[in-house]
Amino acid sequence: MCRIGIAGYCIFLLCSVSAAAPGTDVPTIKNFAKFEEFAEKVMQIRIQSISVGNEQSSTIPCGTIRVTVNKGMGDEKCDFTLGEKDGFVYSAFHSLEYSEDSTRKASDAVSKERAFEAVKRVIKYYNLAFRAEDFRGGLANMGRMADPNDNLEDCWWEFIRSPLYWNNWPCRGTRLSVHVSAASGILVSVIYEPVILPRGPEPTQDIGPAAAIERAKEWLKRPIFYLSGKNARLQPEVGKQVKKVIALPFSMFESNPTAPMPCFEESFYCWEVPFVYTEHDHVFDGVIWIDMSTGAFIGSGEVR
């Protein structure tokens with residue numbers, strides 16, 4: 001990471017600066033105005049100092065870079081993930097200073113309506129048209145719904161929209177997730193995994209769901225390391241469960257979990273065929289994506 005003060009960070013972001021390691025370039029923000037808009041108008045923070053570094057894992061086209069902003073308030077920071085070429089903000093995590101006051105409870109939380117005022121700024125930045133009722137979620141605490149007696153500092157309002165749609169097609173691997181502090185109404189985190197546009201128009205030729213199921217059966221017969229010995233299988237009612245979706249060319253069950261996520265330039269119109277597998281006496285769900293036009297295997301994964 002390369003760190004600079006407020007006086008020089010604008011110049012730094014417009015130039016390519018060498019990092020400490022010879023031959024390594026610190027990436028620059030290509031669209032600083034768009035980043036500044038998100039930091040100051042959406043997150044409502046004032047930048048005191050900034051550091052920029054490589055971000056190795058992303059499904060966003062053209063890769064990403066990581067920007068860390070210090071607000072000049074001790075350890076209070078905000079991390080951003082930006083598109084390397086478009087400078088667009090795709091995620092933000094605000095590290096709030098934790099209060100020692102444990103007397104305030106979840107029952108004292110800011111209202112959902114007030115929390116959604118912060119979400120509106122996010123929606124405007126991404127040029128989306130969602131309303132509060134378009135999101136699922138609520139008042140939460142560490143992955144569960146909050147109890148009225150929970151410590152307020154541990155709670156947040158969550159607003160989750162997944163999947164996103166393209167021309168009424170559900171797009172797998174997409175979401176908008178926003179968390180707002182229940183104590184203050186401050187934005188805590190934003191994650192935007194946008195629609196990657198599909199290759200070409202909607203297919204005029206379609207192999208049909210029955211053929212897609214046969215292709216899925218063939219894929220399940222392959223030696224898939226992650227599913228080995230887990231009795232991966234289609235359900236008897238699978239014919240009623242097949243859906244039309246837009247999916248990315250990525251197979252979760254065949255990927256190296258330690259490898260960086262690839263960047264995707266396009267997606268595909270697919271038949272989504274569900275299956276199940278058993279692990280440690282528990283049954284889990286998975287899906288297989290088959291190209292609607294060609295019958296080619298596109299990918300596999302889980303549906304959030």
# chains A, B, ... in the order shown; residues from 1 in each chain; ligands from 1
>>> select_by_dssp(residues="stretch 29-229 of chain A", states="strand (DSSP E or B)", output="JSON, numbers by chain")
{"A": [49, 50, 51, 52, 53, 54, 55, 64, 65, 66, 67, 68, 69, 70, 77, 78, 79, 80, 81, 82, 83, 89, 90, 91, 92, 93, 94, 105, 136, 139, 140, 141, 144, 145, 151, 156, 157, 158, 159, 160, 161, 164, 165, 166, 169, 170, 171, 175, 176, 177, 178, 179, 180, 181, 187, 188, 189, 190, 191, 192, 193, 198]}
>>> residues_around(residues="A:Phe275", least_positions_apart="6", cutoff="12 Å", atoms="only C-alpha atoms", output="ChimeraX atom specification")
/A:213,216-217,219-220,227,230-239,241-242,283-289,300-303
>>> residues_around(residues="A:Ser111", least_positions_apart="3", cutoff="12 Å", atoms="only C-alpha atoms", output="list in words")
Ala106, Ser107, Asp108, Arg114, Ala115, Phe116, Glu117, Ala118, Gly138, Leu139, Trp156, Trp157, Val180, Ser181, Ala182, Ala183, Ser184 and Gly185 of chain A
>>> select_by_dssp(residues="stretch 177-236 of chain A", states="alpha helix (DSSP H)", output="list of chain:residue names")
A:Pro209, A:Ala210, A:Ala211, A:Ala212, A:Ile213, A:Glu214, A:Arg215, A:Ala216, A:Lys217, A:Glu218, A:Trp219, A:Leu220
>>> residues_around(residues="A:Ala92", least_positions_apart="5", cutoff="8 Å", atoms="only C-alpha atoms", output="MDAnalysis selection string")
chainID A and resid 78:81 188:191
>>> atom_distance(atom1="atom CA of A:Gly229", atom2="atom CA of A:Ala212")
23.9 Å
>>> atom_distance(atom1="atom CA of A:Val89", atom2="atom CA of A:Phe135")
20.4 Å
>>> closest_residue(among="A:Ala210, A:Ile186, A:Cys155, A:Met252", to="A:Val273", atoms="only C-alpha atoms")
A:Ala210
>>> closest_residue(among="A:Val42, A:Ile246, A:Val178, A:Ala132", to="A:Glu113", atoms="only C-alpha atoms")
A:Ala132
>>> closest_residue(among="A:Tyr126, A:Phe225, A:Phe32, A:Phe268", to="A:Lys244", atoms="only C-alpha atoms")
A:Phe268
>>> residues_around(residues="A:Asn151", least_positions_apart="6", cutoff="8 Å", atoms="only C-alpha atoms", output="VMD selection string")
chain A and resid 102 to 106
>>> residues_around(residues="A:Ile207", least_positions_apart="5", cutoff="10 Å", atoms="only C-alpha atoms", output="PyMOL selection string")
chain A and resi 212+271+290-295
>>> write_last_selection(atoms="N, CA, C and O atoms", output="PDB file, in the first residue's frame")
ATOM      1  N   ALA A 212     -32.184 -29.767 -21.407  1.00  0.00           N
ATOM      2  CA  ALA A 212     -31.301 -29.180 -20.396  1.00  0.00           C
ATOM      3  C   ALA A 212     -31.125 -30.133 -19.218  1.00  0.00           C
ATOM      4  O   ALA A 212     -30.024 -30.258 -18.664  1.00  0.00           O
ATOM      5  N   TRP A 271     -30.942 -22.385 -19.086  1.00  0.00           N
ATOM      6  CA  TRP A 271     -31.863 -23.160 -18.274  1.00  0.00           C
ATOM      7  C   TRP A 271     -31.136 -23.493 -16.962  1.00  0.00           C
ATOM      8  O   TRP A 271     -29.995 -23.932 -16.992  1.00  0.00           O
ATOM      9  N   ILE A 290     -27.317 -24.420 -18.102  1.00  0.00           N
ATOM     10  CA  ILE A 290     -27.148 -24.968 -19.441  1.00  0.00           C
ATOM     11  C   ILE A 290     -27.580 -23.915 -20.459  1.00  0.00           C
ATOM     12  O   ILE A 290     -28.682 -23.354 -20.364  1.00  0.00           O
ATOM     13  N   ASP A 291     -26.716 -23.625 -21.430  1.00  0.00           N
ATOM     14  CA  ASP A 291     -27.017 -22.627 -22.460  1.00  0.00           C
ATOM     15  C   ASP A 291     -28.303 -23.006 -23.200  1.00  0.00           C
ATOM     16  O   ASP A 291     -28.436 -24.117 -23.704  1.00  0.00           O
ATOM     17  N   MET A 292     -29.236 -22.063 -23.277  1.00  0.00           N
ATOM     18  CA  MET A 292     -30.533 -22.358 -23.875  1.00  0.00           C
ATOM     19  C   MET A 292     -30.442 -22.647 -25.368  1.00  0.00           C
ATOM     20  O   MET A 292     -31.230 -23.431 -25.901  1.00  0.00           O
ATOM     21  N   SER A 293     -29.492 -22.013 -26.045  1.00  0.00           N
ATOM     22  CA  SER A 293     -29.400 -22.165 -27.495  1.00  0.00           C
ATOM     23  C   SER A 293     -28.598 -23.381 -27.913  1.00  0.00           C
ATOM     24  O   SER A 293     -28.971 -24.101 -28.845  1.00  0.00           O
ATOM     25  N   THR A 294     -27.480 -23.627 -27.221  1.00  0.00           N
ATOM     26  CA  THR A 294     -26.533 -24.649 -27.673  1.00  0.00           C
ATOM     27  C   THR A 294     -26.554 -25.916 -26.833  1.00  0.00           C
ATOM     28  O   THR A 294     -26.038 -26.949 -27.263  1.00  0.00           O
ATOM     29  N   GLY A 295     -27.079 -25.832 -25.620  1.00  0.00           N
ATOM     30  CA  GLY A 295     -27.023 -26.983 -24.721  1.00  0.00           C
ATOM     31  C   GLY A 295     -25.685 -27.143 -24.020  1.00  0.00           C
ATOM     32  O   GLY A 295     -25.475 -28.131 -23.313  1.00  0.00           O
TER      33      GLY A 295
END
